[in-house]
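**Q** Just one file: data14.csv, with CSV, C-alpha atoms.
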```
chain,number,residue,atom,x,y,z
A,16,MET,CA,15.7,-6.8,27.2
A,17,ILE,CA,16.2,-3.0,27.5
A,18,LYS,CA,14.1,-0.4,29.3
A,19,THR,CA,13.2,2.5,27.1
A,20,SER,CA,11.0,5.3,28.4
A,21,GLU,CA,9.5,2.9,30.9
A,22,MET,CA,8.7,0.4,28.2
A,23,GLN,CA,10.4,-2.9,27.5
A,24,VAL,CA,12.0,-3.6,24.1
A,25,VAL,CA,12.8,-7.2,23.1
A,26,SER,CA,14.4,-8.4,19.9
A,27,PRO,CA,13.5,-11.9,18.9
A,28,LYS,CA,16.0,-13.8,16.7
A,29,SER,CA,13.5,-15.8,14.8
A,30,LEU,CA,9.8,-15.8,13.6
A,31,ASN,CA,9.0,-18.6,16.0
A,32,GLU,CA,10.4,-16.7,19.0
A,33,CYS,CA,8.4,-13.6,17.9
A,34,LEU,CA,5.2,-15.7,17.7
A,35,TYR,CA,5.8,-17.0,21.2
A,36,LEU,CA,6.2,-13.4,22.5
A,37,LEU,CA,3.0,-12.3,20.7
A,38,ASN,CA,1.1,-15.3,22.2
A,39,ASP,CA,1.5,-13.8,25.7
A,40,GLN,CA,-1.9,-12.2,26.0
A,41,GLU,CA,-1.2,-10.8,29.5
A,42,LYS,CA,1.0,-8.2,27.9
A,43,ASN,CA,0.1,-5.4,25.5
A,44,ASN,CA,2.7,-6.0,22.8
A,45,ARG,CA,3.4,-4.0,19.7
A,46,LEU,CA,5.6,-4.8,16.8
A,47,ILE,CA,8.2,-2.3,15.6
A,48,ALA,CA,10.5,-2.5,12.5
A,49,GLY,CA,11.4,0.6,10.6
A,50,GLY,CA,9.7,2.8,13.3
A,51,THR,CA,8.9,5.7,11.0
A,52,ASP,CA,5.3,5.8,12.2
A,53,ALA,CA,5.9,4.4,15.7
A,54,VAL,CA,8.2,7.3,16.7
A,55,VAL,CA,5.6,9.9,15.8
A,56,ARG,CA,2.8,8.0,17.6
A,57,MET,CA,5.0,7.5,20.7
A,58,LYS,CA,5.7,11.2,20.9
A,59,ASP,CA,1.9,11.8,20.6
A,60,LYS,CA,1.4,9.2,23.4
A,61,LYS,CA,-1.0,7.3,21.1
A,62,TRP,CA,1.0,4.1,21.3
A,63,THR,CA,2.1,3.1,24.8
A,64,PRO,CA,2.4,-0.7,24.9
A,65,ASP,CA,3.9,-2.7,27.8
A,66,SER,CA,6.5,-4.1,25.4
A,67,TRP,CA,7.9,-3.3,22.0
A,68,ILE,CA,8.9,-6.4,19.9
A,69,ASN,CA,11.6,-5.2,17.6
A,70,ILE,CA,11.6,-7.4,14.5
A,71,LYS,CA,13.9,-5.3,12.3
A,72,SER,CA,16.7,-7.9,12.3
A,73,MET,CA,14.5,-10.8,11.3
A,74,ASN,CA,15.9,-11.2,7.8
A,75,GLU,CA,13.7,-14.2,7.1
A,76,LEU,CA,10.9,-11.7,6.6
A,77,ARG,CA,12.8,-9.5,4.1
A,78,TYR,CA,12.6,-10.9,0.5
A,79,ILE,CA,11.2,-10.4,-3.0
A,80,ARG,CA,10.6,-13.6,-5.1
A,81,GLU,CA,8.2,-15.1,-7.6
A,82,ASP,CA,6.7,-18.5,-7.9
A,83,PRO,CA,3.6,-19.8,-9.7
A,84,SER,CA,1.3,-18.4,-7.0
A,85,GLY,CA,2.5,-14.9,-7.5
A,86,ILE,CA,5.1,-12.4,-6.4
A,87,HIS,CA,6.0,-12.7,-2.7
A,88,VAL,CA,7.2,-9.7,-0.8
A,89,GLY,CA,8.3,-10.0,2.8
A,90,PRO,CA,6.9,-7.6,5.4
A,91,LEU,CA,10.4,-6.3,6.3
A,92,THR,CA,11.2,-5.4,2.7
A,93,THR,CA,12.0,-1.7,2.7
A,94,HIS,CA,10.6,0.8,0.3
A,95,THR,CA,14.1,1.2,-1.1
A,96,ASP,CA,14.3,-2.6,-1.7
A,97,ILE,CA,11.0,-2.3,-3.7
A,98,VAL,CA,12.2,0.6,-5.8
A,99,LYS,CA,15.4,-1.2,-6.7
A,100,SER,CA,13.8,-4.6,-7.4
A,101,LYS,CA,14.1,-5.5,-11.1
A,102,LEU,CA,11.3,-8.1,-10.7
A,103,LEU,CA,8.9,-5.5,-9.3
A,104,GLN,CA,10.0,-2.9,-11.9
A,105,GLU,CA,9.1,-5.4,-14.6
A,106,LYS,CA,6.0,-7.1,-13.2
A,107,ALA,CA,4.6,-4.7,-10.5
A,108,ASP,CA,5.7,-1.3,-11.7
A,109,VAL,CA,2.9,0.5,-9.8
A,110,LEU,CA,4.3,-0.7,-6.5
A,111,THR,CA,7.7,0.7,-7.3
A,112,PHE,CA,6.3,4.0,-8.3
A,113,ALA,CA,4.4,4.2,-5.0
A,114,ALA,CA,7.4,3.2,-2.9
A,115,LYS,CA,9.4,5.9,-4.5
A,116,GLU,CA,6.9,8.5,-3.1
A,117,VAL,CA,7.1,7.4,0.5
A,118,GLY,CA,8.8,10.4,2.0
A,119,ALA,CA,12.5,11.2,1.8
A,120,THR,CA,15.3,8.8,1.1
A,121,GLN,CA,15.9,8.0,4.8
A,122,MET,CA,12.3,7.1,5.3
A,123,GLN,CA,12.4,4.9,2.3
A,124,ASN,CA,15.5,3.2,3.7
A,125,MET,CA,13.9,2.6,7.1
A,126,GLY,CA,10.2,2.1,6.4
A,127,THR,CA,8.9,-1.4,5.5
A,128,LEU,CA,6.0,-2.6,3.4
A,129,GLY,CA,4.6,-4.6,6.4
A,130,GLY,CA,4.7,-1.5,8.5
A,131,ASN,CA,2.8,0.5,5.9
A,132,ILE,CA,0.1,-2.2,5.8
A,133,GLY,CA,-0.1,-2.9,9.5
A,134,ASN,CA,-0.5,0.8,10.5
A,135,ALA,CA,-3.7,0.8,8.4
A,136,SER,CA,-3.5,4.5,7.6
A,137,PRO,CA,-5.8,5.5,4.7
A,138,THR,CA,-3.0,7.8,3.5
A,139,GLY,CA,-0.5,4.9,3.2
A,140,ASP,CA,1.2,5.3,-0.3
A,141,THR,CA,1.9,1.6,-1.0
A,142,ILE,CA,-1.6,0.4,-0.2
A,143,PRO,CA,-3.6,1.7,-3.3
A,144,ALA,CA,-0.9,0.0,-5.4
A,145,LEU,CA,-1.4,-3.2,-3.5
A,146,TYR,CA,-5.1,-2.9,-4.1
A,147,VAL,CA,-4.7,-2.7,-7.9
A,148,LEU,CA,-2.3,-5.7,-7.7
A,149,ASP,CA,-4.9,-7.8,-5.9
A,150,ALA,CA,-2.6,-8.4,-2.9
A,151,ARG,CA,-3.2,-11.0,-0.3
A,152,ILE,CA,-1.9,-10.7,3.2
A,153,GLU,CA,-0.6,-13.7,5.0
A,154,LEU,CA,-1.0,-13.7,8.8
A,155,ARG,CA,0.6,-16.1,11.1
A,156,SER,CA,0.1,-16.9,14.8
A,157,LEU,CA,1.6,-19.7,16.9
A,158,ASP,CA,-1.4,-21.9,15.9
A,159,GLU,CA,-2.6,-20.8,12.5
A,160,THR,CA,-1.7,-19.3,9.2
A,161,ARG,CA,-4.4,-17.5,7.2
A,162,THR,CA,-4.4,-15.4,4.0
A,163,ILE,CA,-6.7,-12.4,3.6
A,164,PRO,CA,-7.5,-10.5,0.4
A,165,ILE,CA,-6.3,-6.9,0.9
A,166,GLU,CA,-9.8,-5.5,0.4
A,167,GLU,CA,-11.0,-7.5,3.5
A,168,PHE,CA,-7.9,-6.7,5.6
A,169,PHE,CA,-8.7,-3.1,6.6
A,170,LEU,CA,-11.6,-2.2,8.8
A,171,GLY,CA,-11.0,1.5,9.2
A,172,PRO,CA,-8.2,4.0,10.1
A,173,GLY,CA,-5.7,2.1,12.2
A,174,LYS,CA,-7.9,-1.0,12.3
A,175,THR,CA,-7.4,-4.3,10.6
A,176,VAL,CA,-8.5,-7.9,11.0
A,177,MET,CA,-5.1,-8.9,12.4
A,178,GLU,CA,-5.3,-10.3,15.9
A,179,ALA,CA,-3.0,-9.3,18.7
A,180,ASN,CA,-1.1,-12.7,18.5
A,181,GLU,CA,-0.6,-12.4,14.7
A,182,ILE,CA,2.1,-11.0,12.5
A,183,ILE,CA,2.2,-10.3,8.7
A,184,THR,CA,4.6,-12.9,7.2
A,185,ASN,CA,4.0,-12.5,3.5
A,186,ILE,CA,2.4,-10.2,0.9
A,187,ILE,CA,1.4,-12.0,-2.3
A,188,ILE,CA,0.7,-9.8,-5.4
A,189,ARG,CA,-0.5,-10.5,-8.9
A,190,PRO,CA,2.2,-10.1,-11.5
A,191,GLN,CA,1.2,-7.6,-14.2
A,192,GLU,CA,0.6,-9.0,-17.7
A,193,LYS,CA,2.9,-8.1,-20.6
A,194,ASN,CA,0.3,-5.7,-21.9
A,195,GLU,CA,-0.3,-4.0,-18.5
A,196,MET,CA,1.2,-0.8,-17.0
A,197,GLY,CA,0.7,1.0,-13.8
A,198,ILE,CA,1.0,4.6,-12.4
A,199,PHE,CA,0.9,6.2,-9.0
A,200,GLU,CA,0.0,9.8,-8.3
A,201,LYS,CA,0.2,11.7,-5.0
A,202,LEU,CA,-0.8,15.1,-3.7
A,203,GLY,CA,0.8,16.1,-0.4
A,204,PRO,CA,3.0,18.6,1.4
A,205,ARG,CA,6.7,18.7,0.7
A,206,LYS,CA,8.1,15.2,0.0
A,207,ALA,CA,10.0,14.9,3.3
A,208,GLN,CA,6.7,15.1,5.2
A,209,SER,CA,5.3,12.3,3.1
A,210,ILE,CA,1.7,12.3,4.3
A,211,SER,CA,-0.7,12.2,1.3
A,212,ILE,CA,-3.7,14.5,1.1
A,213,VAL,CA,-4.9,12.2,-1.7
A,214,ASN,CA,-3.2,9.4,-3.6
A,215,PHE,CA,-4.1,7.3,-6.6
A,216,ALA,CA,-2.9,4.1,-8.2
A,217,ALA,CA,-3.9,2.5,-11.5
A,218,SER,CA,-2.9,-0.6,-13.4
A,219,ILE,CA,-4.5,-1.1,-16.9
A,220,SER,CA,-4.2,-3.6,-19.8
A,221,MET,CA,-4.3,-2.4,-23.4
A,222,ASP,CA,-5.0,-3.8,-26.8
A,223,LYS,CA,-2.6,-1.6,-28.8
A,224,GLN,CA,-4.1,-2.6,-32.2
A,225,THR,CA,-7.5,-1.2,-31.3
A,226,ASN,CA,-6.3,1.3,-28.6
A,227,HIS,CA,-8.9,0.0,-26.2
A,228,CYS,CA,-8.4,-0.7,-22.5
A,229,THR,CA,-9.1,-4.4,-22.0
A,230,SER,CA,-9.2,-4.2,-18.2
A,231,GLY,CA,-8.2,-1.8,-15.4
A,232,ARG,CA,-7.9,-1.4,-11.7
A,233,LEU,CA,-8.1,2.0,-10.0
A,234,ALA,CA,-7.7,2.8,-6.3
A,235,PHE,CA,-7.7,6.0,-4.2
A,236,GLY,CA,-6.2,6.7,-0.8
A,237,SER,CA,-7.1,9.3,1.8
A,238,VAL,CA,-10.6,9.8,0.4
A,239,ALA,CA,-12.5,7.4,2.7
A,240,PRO,CA,-11.9,5.5,6.0
A,241,THR,CA,-10.0,2.9,4.0
A,242,ILE,CA,-8.5,2.7,0.5
A,243,ILE,CA,-11.3,2.4,-2.1
A,244,ARG,CA,-11.4,0.6,-5.5
A,245,ALA,CA,-13.0,3.0,-7.9
A,246,LYS,CA,-15.3,0.3,-9.4
A,247,LYS,CA,-17.6,2.8,-11.3
A,248,CYS,CA,-14.6,4.4,-12.9
A,249,GLU,CA,-13.2,1.0,-13.8
A,250,SER,CA,-16.4,0.0,-15.6
A,251,VAL,CA,-16.1,3.0,-17.9
A,252,LEU,CA,-12.4,2.3,-18.8
A,253,THR,CA,-13.3,-0.5,-21.3
A,254,LEU,CA,-16.3,1.2,-23.1
A,255,ASP,CA,-14.5,3.1,-25.7
A,256,ARG,CA,-11.0,4.0,-27.1
A,257,PHE,CA,-8.5,4.9,-24.4
A,258,ASP,CA,-8.1,8.6,-25.2
A,259,LYS,CA,-8.3,12.1,-23.6
A,260,ASP,CA,-12.2,12.2,-23.9
A,261,ILE,CA,-12.8,9.0,-22.0
A,262,ILE,CA,-10.2,9.9,-19.4
A,263,GLN,CA,-12.0,13.2,-18.8
A,264,ASN,CA,-15.3,11.4,-18.4
A,265,ILE,CA,-13.8,9.0,-15.9
A,266,ALA,CA,-12.4,11.9,-13.9
A,267,LYS,CA,-15.9,13.3,-13.5
A,268,ILE,CA,-17.1,10.0,-12.3
A,269,ALA,CA,-14.3,9.9,-9.8
A,270,TRP,CA,-15.4,13.1,-8.2
A,271,LYS,CA,-18.7,11.4,-7.3
A,272,GLU,CA,-17.3,8.0,-6.4
A,273,VAL,CA,-14.9,9.1,-3.6
A,274,ALA,CA,-16.2,9.9,-0.2
A,275,PRO,CA,-13.7,12.0,1.7
A,276,ILE,CA,-14.0,14.0,4.9
A,277,SER,CA,-12.7,17.4,5.9
A,278,ASP,CA,-9.8,17.6,8.3
A,279,VAL,CA,-7.0,19.9,9.2
A,280,ARG,CA,-5.1,19.1,6.0
A,281,ALA,CA,-7.9,19.5,3.4
A,282,SER,CA,-11.6,20.0,3.0
A,283,ALA,CA,-13.8,17.2,1.6
A,284,ASN,CA,-14.5,19.1,-1.6
A,285,TYR,CA,-10.9,19.9,-2.2
A,286,ARG,CA,-10.1,16.2,-1.8
A,287,ARG,CA,-12.8,15.4,-4.4
A,288,ASP,CA,-11.4,17.9,-6.8
A,289,MET,CA,-7.8,16.5,-6.3
A,290,ALA,CA,-8.9,12.9,-6.6
A,291,SER,CA,-10.5,13.7,-10.0
A,292,ALA,CA,-7.4,15.7,-11.1
A,293,LEU,CA,-4.9,13.0,-10.0
A,294,LEU,CA,-6.9,10.3,-11.9
A,295,GLU,CA,-7.0,12.5,-15.0
A,296,ARG,CA,-3.2,13.3,-14.8
A,297,GLY,CA,-2.3,9.7,-14.1
A,298,LEU,CA,-4.3,8.2,-16.9
A,299,LEU,CA,-3.1,10.8,-19.3
A,300,ARG,CA,0.5,9.9,-18.4
A,301,LEU,CA,-0.3,6.2,-18.9
A,302,MET,CA,-1.8,7.0,-22.3
A,303,LYS,CA,1.4,8.7,-23.3
A,304,ARG,CA,3.5,5.8,-22.1
A,305,TRP,CA,1.4,3.4,-24.2
A,306,GLU,CA,1.8,5.6,-27.2
A,307,ASN,CA,5.6,5.6,-26.8
A,308,LYS,CA,5.9,1.9,-26.0
```
Would you write the structure of this file as structure tokens?
**A**
Amino acid sequence: MIKTSEMQVVSPKSLNECLYLLNDQEKNNRLIAGGTDAVVRMKDKKWTPDSWINIKSMNELRYIREDPSGIHVGPLTTHTDIVKSKLLQEKADVLTFAAKEVGATQMQNMGTLGGNIGNASPTGDTIPALYVLDARIELRSLDETRTIPIEEFFLGPGKTVMEANEIITNIIIRPQEKNEMGIFEKLGPRKAQSISIVNFAASISMDKQTNHCTSGRLAFGSVAPTIIRAKKCESVLTLDRFDKDIIQNIAKIAWKEVAPISDVRASANYRRDMASALLERGLLRLMKRWENK
């Protein structure tokens, strides 16, 4: 155990050891893995736990695999792991596109999927992608394992249903179908700074013979206290041929469906405009990919 800035850091060697540490309710513990967000919040004195539990070396939580229940991604899987995964490129392309936009290369190498989820920031780039892939979050404590649909996991900025004695142990996502493609769009400052002003993920299925969208999932980040599924926009996707006209109509609906606030980075109206523009740009790019497939 090492003293760092008057805080203890302990590195468990296994998941069970980590769960025992988290079970000590007399201490204010906080998990740390890649540390890309933790360092910033420590400097701002927003996170000052009694003890940091460093789980970075727990390789049992770093994996990407598939079984009949879905694609399983370990919480310590880095954004670089996701970008390079052939399985995810083939069956969850929207997540690889999102991971590719998480800051500069060093941040992608260090940052983890579990950290992006656990920090519960509405600007998290991978989270809209997980929404459109119907992700489920597995939480484990010393006494219980439970699985939460991602749309029920977040309660607000920085807030989740995860208890102090729990850790994310698995993220299960729905494999995309053969006739399904995804896209991720992001508006932010320069790439190295990474924080999104608005981001958007989509995954849609197509009938190429009729050029109709058969189903689609759309999600926005940084336009509400949590990520939102754009259900009104989704309902219009399947009404007519998937072309420029219907995409422009959906973009107008998006302007009304999002509910952003103004802050130091952007006004609410600017975010509405950009959400609409990102949706239109993303769906037009998807349309072109379908035409060229």
**Q** For a test of reading the model, state the distance in Å between CA of Thr160 in chain A and CA of Asp39 in chain A, rounded to one decimal.
**A** 17.7 Å
**Q** Between CA of Thr229 in chain A and CA of Arg300 in chain A, what distance in Å does the model show, to one decimal?
**A**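 Distance between the two atoms: 17.6 Å.
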**Q** Considering all atoms listed in the file, return as a PyMOL selection string whatever protein or nucleic-acid residues lie within 12 Å of Lys193 in chain A, sequence-local ones (same chain, fewer than 6 positions apart) excluded.
**A** chain A and resi 105-108+218-223+308
**Q** Using all atoms listed in the file, pick whichever of A:Thr127, A:Asn226, A:Ser291, A:Thr93 has the shortest atom-to-atom distance to Glu306 in chain A.
**A** A:Asn226
**Q** So which one's closest to Ile70 in chain A, A:Lys28, A:Arg296, A:Lys101, A:His87? Using only C-alpha atoms, please.
**A**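 The closest residue to Ile70 in chain A is A:Lys28.
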**Q** Just to confirm, what's the straight-line distance from CA of Ile152 in chain A to CA of Phe168 in chain A in Å (one decimal)?
**A** 7.6 Å
**Q** Find the residues near Ile183 in chain A: any atom within 6 Å, counting all atoms listed in the file, skip ones fewer than 2 places away on the same chain, and give them as a PyMOL selection string.
**A** chain A and resi 153-154+185
**Q** What lies within 10 Å of Arg80 in chain A using only C-alpha atoms, ignoring chain neighbours under 3 positions off, as a ChimeraX atom specification?
**A** /A:85-89,100,102-103,187
**Q** Do you know which residues are at most 6 Å from range 239-251 of chain A counting all atoms listed in the file, after dropping those on the same chain fewer than 4 positions away, and could you put them as number ranges by chain?
**A** A: 137, 171-172, 231, 233-235, 265, 274-275
**Q** Would you write out those residues with C-alpha atoms, as a short mmCIF file (atom, residue, chain, number, x, y, z; two decimals), in the coordinates of the input?
**A**
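Final file, part.cif:
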```cif
data_model
loop_
_atom_site.label_atom_id
_atom_site.label_comp_id
_atom_site.auth_asym_id
_atom_site.auth_seq_id
_atom_site.Cartn_x
_atom_site.Cartn_y
_atom_site.Cartn_z
CA PRO A 137 -5.80 5.50 4.70
CA GLY A 171 -11.00 1.50 9.20
CA PRO A 172 -8.20 4.00 10.10
CA GLY A 231 -8.20 -1.80 -15.40
CA LEU A 233 -8.10 2.00 -10.00
CA ALA A 234 -7.70 2.80 -6.30
CA PHE A 235 -7.70 6.00 -4.20
CA ILE A 265 -13.80 9.00 -15.90
CA ALA A 274 -16.20 9.90 -0.20
CA PRO A 275 -13.70 12.00 1.70
#
```
**Q** Please return, as a PDB file with C-alpha atoms, keeping the file's coordinate frame, all polymer residues that have at least one atom within 9 Å of the point (8.8, -2.8, 7.7); use only C-alpha atoms and the file's own coordinate frame.
**A**
```
ATOM      1  CA  ILE A  47       8.200  -2.300  15.600  1.00  0.00           C
ATOM      2  CA  ALA A  48      10.500  -2.500  12.500  1.00  0.00           C
ATOM      3  CA  GLY A  49      11.400   0.600  10.600  1.00  0.00           C
ATOM      4  CA  GLY A  50       9.700   2.800  13.300  1.00  0.00           C
ATOM      5  CA  ILE A  70      11.600  -7.400  14.500  1.00  0.00           C
ATOM      6  CA  LYS A  71      13.900  -5.300  12.300  1.00  0.00           C
ATOM      7  CA  ARG A  77      12.800  -9.500   4.100  1.00  0.00           C
ATOM      8  CA  GLY A  89       8.300 -10.000   2.800  1.00  0.00           C
ATOM      9  CA  PRO A  90       6.900  -7.600   5.400  1.00  0.00           C
ATOM     10  CA  LEU A  91      10.400  -6.300   6.300  1.00  0.00           C
ATOM     11  CA  THR A  92      11.200  -5.400   2.700  1.00  0.00           C
ATOM     12  CA  THR A  93      12.000  -1.700   2.700  1.00  0.00           C
ATOM     13  CA  HIS A  94      10.600   0.800   0.300  1.00  0.00           C
ATOM     14  CA  MET A 125      13.900   2.600   7.100  1.00  0.00           C
ATOM     15  CA  GLY A 126      10.200   2.100   6.400  1.00  0.00           C
ATOM     16  CA  THR A 127       8.900  -1.400   5.500  1.00  0.00           C
ATOM     17  CA  LEU A 128       6.000  -2.600   3.400  1.00  0.00           C
ATOM     18  CA  GLY A 129       4.600  -4.600   6.400  1.00  0.00           C
ATOM     19  CA  GLY A 130       4.700  -1.500   8.500  1.00  0.00           C
ATOM     20  CA  ASN A 131       2.800   0.500   5.900  1.00  0.00           C
ATOM     21  CA  ILE A 132       0.100  -2.200   5.800  1.00  0.00           C
TER      22      ILE A 132
END
```
**Q** With only C-alpha atoms as the basis for distance, which of A:Pro143, A:Ser230, A:Glu295, A:Ser72 is at the shortest distance from Asn264 in chain A?
**A**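 Looking only at the distances to Asn264 in chain A, the closest residue turns out to be A:Glu295.
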**Q** So, with all atoms listed in the file as the atoms that count, which of A:Ile182, A:Ala150, A:Cys33, A:Val109 lies closest to Gly197 in chain A?
**A** A:Val109
**Q** List the spatial neighbours of range 285-287 of chain A as a list of chain:residue names - criterion: any atom at most 7 Å away, only C-alpha atoms, same-chain residues fewer than 3 positions off excluded.
**A**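 Listing them by chain and then by number gives A:Val213, A:Val238, A:Trp270, A:Val273, A:Pro275, A:Ala281, A:Ser282, A:Ala290, A:Ser291.
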